[in-house]
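First the structure, in the form of structure tokens, and then the observations on it.
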Amino acid sequence: MAEKPGKCRYIMGILEKNKKSKGTAFVYDENNDYYKMGINGIEFVCDSIHSDYEKRVKELAEQYEKKLSLIVEYICPDIREMFGISDPEVIRNSLGKPLVDLGRGTLTYLEHTMDSLHIIEMEFEGIFTAFYNSGIDG
């Protein structure tokens, strides 16, 4: 029985992606079709690996806790409007594990404890030096 041509291309694509991730700390996640790396309790993802990403991940991971107050301050108006919570410490403790998409420049909270339906997301630049377009979607 001959294999379908599409299946062969699919397998070759997976092998190619895995080959590209060798030599880096990123691991290809076949289920989500992206590369990922966890460090300091933060999940970092990207569609393709760029040469500066490992350095950037380390810098972002080192600065996250220091910048968390600024992050909370930025999303506080959205949190207040959606959940009625305005205490920065409660928000900080409710955010859960962050997901940073390096290619999109987004910081997302999928596991926050304010409810089980919504996703909190914002765009950022630099090493969490500027924030844009926060939103809560669900």
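The way I read the labels, and the way they are meant: chains A, B, ... in the order of the structure tokens, residue 1 as the first residue of every chain, and ligand 1 as the first ligand shown, with later ones counted on from there.
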
Checklist entry - as a PyMOL selection string, which residues of chain A does DSSP assign to helix (DSSP H, G or I)? => result chain A and resi 5-21+53-83+88-94

Item to check | Selection near Thr24 in chain A, 12 Å with only C-alpha atoms, sequence-local residues under 4 positions removed, as a ChimeraX atom specification | outcome: /A:18-20,28,35-37,48-55,57

Which neighbours of range 61-70 of chain A fall inside 12 Å, counting only C-alpha atoms, when residues of the same chain fewer than 4 positions from it are skipped, and could you give them as a short mmCIF file (atom, residue, chain, number, x, y, z; two decimals) with C-alpha atoms, in the first residue's frame?
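And here's selection.cif as it stands now:
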data_model
loop_
_atom_site.label_atom_id
_atom_site.label_comp_id
_atom_site.auth_asym_id
_atom_site.auth_seq_id
_atom_site.Cartn_x
_atom_site.Cartn_y
_atom_site.Cartn_z
CA MET A 37 11.43 26.86 26.12
CA GLY A 38 10.64 27.21 29.81
CA ILE A 39 12.80 29.26 32.15
CA ASN A 40 12.08 30.76 35.59
CA GLY A 41 8.45 29.62 35.39
CA ILE A 42 7.86 31.44 32.09
CA GLU A 43 6.94 29.63 28.87
CA PHE A 44 8.58 31.13 25.76
CA TYR A 53 16.22 34.34 20.80
CA GLU A 54 18.10 32.40 23.49
CA LYS A 55 19.82 35.58 24.68
CA ARG A 56 16.49 37.44 24.59
CA VAL A 57 14.76 34.68 26.59
CA TYR A 74 -0.61 48.50 32.72
CA ILE A 75 -3.34 45.81 32.73
CA CYS A 76 -5.04 47.00 35.94
CA ASP A 87 -5.75 45.64 44.22
CA PRO A 88 -2.37 45.28 42.45
CA GLU A 89 -1.21 42.58 44.85
CA VAL A 90 -4.32 40.46 44.21
CA ILE A 91 -3.85 40.88 40.46
CA ARG A 92 -0.16 39.99 40.71
CA ASN A 93 -0.92 36.84 42.68
CA LEU A 95 -1.88 36.05 36.99
CA GLY A 96 -0.27 32.60 37.03
CA LYS A 97 2.34 31.37 34.57
CA PRO A 98 3.08 33.80 31.74
CA LEU A 99 3.46 32.80 28.09
CA VAL A 100 5.75 34.98 25.99
CA LEU A 107 2.73 38.40 27.00
CA PHE A 124 5.41 44.50 24.71
CA GLY A 126 12.21 45.53 24.54
CA ILE A 127 12.82 43.74 27.78
CA PHE A 128 9.33 44.62 29.06
CA THR A 129 10.12 48.31 28.64
CA ALA A 130 6.92 49.35 26.82
CA PHE A 131 3.42 47.87 26.74
#

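Assigned to strand (DSSP E or B) in range 40-91 of chain A, given DSSP computed from backbone atoms, are Ile42, Glu43, Phe44, Val45 and Cys46 of chain A.
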
Would you put the residues from that selection into a file with all heavy atoms, as a PDB file, in the first residue's frame?
ATOM      1  N   ILE A  42       8.445  30.732  33.231  1.00  0.00           N
ATOM      2  CA  ILE A  42       7.857  31.436  32.092  1.00  0.00           C
ATOM      3  C   ILE A  42       7.990  30.524  30.874  1.00  0.00           C
ATOM      4  O   ILE A  42       9.049  29.951  30.636  1.00  0.00           O
ATOM      5  CB  ILE A  42       8.578  32.767  31.817  1.00  0.00           C
ATOM      6  CG1 ILE A  42       8.576  33.643  33.066  1.00  0.00           C
ATOM      7  CG2 ILE A  42       7.948  33.492  30.633  1.00  0.00           C
ATOM      8  CD1 ILE A  42       9.495  34.842  32.988  1.00  0.00           C
ATOM      9  N   GLU A  43       6.914  30.403  30.107  1.00  0.00           N
ATOM     10  CA  GLU A  43       6.940  29.630  28.866  1.00  0.00           C
ATOM     11  C   GLU A  43       7.196  30.588  27.712  1.00  0.00           C
ATOM     12  O   GLU A  43       6.458  31.569  27.528  1.00  0.00           O
ATOM     13  CB  GLU A  43       5.611  28.919  28.670  1.00  0.00           C
ATOM     14  CG  GLU A  43       5.570  28.035  27.469  1.00  0.00           C
ATOM     15  CD  GLU A  43       6.127  26.643  27.706  1.00  0.00           C
ATOM     16  OE1 GLU A  43       6.394  26.297  28.888  1.00  0.00           O
ATOM     17  OE2 GLU A  43       6.287  25.916  26.743  1.00  0.00           O
ATOM     18  N   PHE A  44       8.253  30.331  26.932  1.00  0.00           N
ATOM     19  CA  PHE A  44       8.582  31.126  25.760  1.00  0.00           C
ATOM     20  C   PHE A  44       8.297  30.298  24.524  1.00  0.00           C
ATOM     21  O   PHE A  44       8.657  29.118  24.475  1.00  0.00           O
ATOM     22  CB  PHE A  44      10.061  31.526  25.780  1.00  0.00           C
ATOM     23  CG  PHE A  44      10.400  32.465  26.895  1.00  0.00           C
ATOM     24  CD1 PHE A  44      10.830  31.986  28.123  1.00  0.00           C
ATOM     25  CD2 PHE A  44      10.287  33.844  26.723  1.00  0.00           C
ATOM     26  CE1 PHE A  44      11.134  32.852  29.164  1.00  0.00           C
ATOM     27  CE2 PHE A  44      10.594  34.718  27.755  1.00  0.00           C
ATOM     28  CZ  PHE A  44      11.015  34.221  28.975  1.00  0.00           C
ATOM     29  N   VAL A  45       7.640  30.895  23.539  1.00  0.00           N
ATOM     30  CA  VAL A  45       7.319  30.193  22.302  1.00  0.00           C
ATOM     31  C   VAL A  45       7.669  31.055  21.100  1.00  0.00           C
ATOM     32  O   VAL A  45       7.759  32.280  21.203  1.00  0.00           O
ATOM     33  CB  VAL A  45       5.822  29.782  22.238  1.00  0.00           C
ATOM     34  CG1 VAL A  45       5.462  28.858  23.389  1.00  0.00           C
ATOM     35  CG2 VAL A  45       4.913  30.990  22.210  1.00  0.00           C
ATOM     36  N   CYS A  46       7.864  30.387  19.948  1.00  0.00           N
ATOM     37  CA  CYS A  46       8.107  31.076  18.691  1.00  0.00           C
ATOM     38  C   CYS A  46       7.835  30.121  17.543  1.00  0.00           C
ATOM     39  O   CYS A  46       7.929  28.902  17.706  1.00  0.00           O
ATOM     40  CB  CYS A  46       9.534  31.617  18.622  1.00  0.00           C
ATOM     41  SG  CYS A  46      10.820  30.383  18.875  1.00  0.00           S
TER      42      CYS A  46
END

Next on the checklist: Give me, as a PyMOL selection string, all polymer residues having an atom no more than 10 Å from range 77-80 of chain A, counting only C-alpha atoms and skipping those fewer than 3 positions away in the same chain.
Outcome noted: chain A and resi 72-74+83-88+91+114+120+134-136
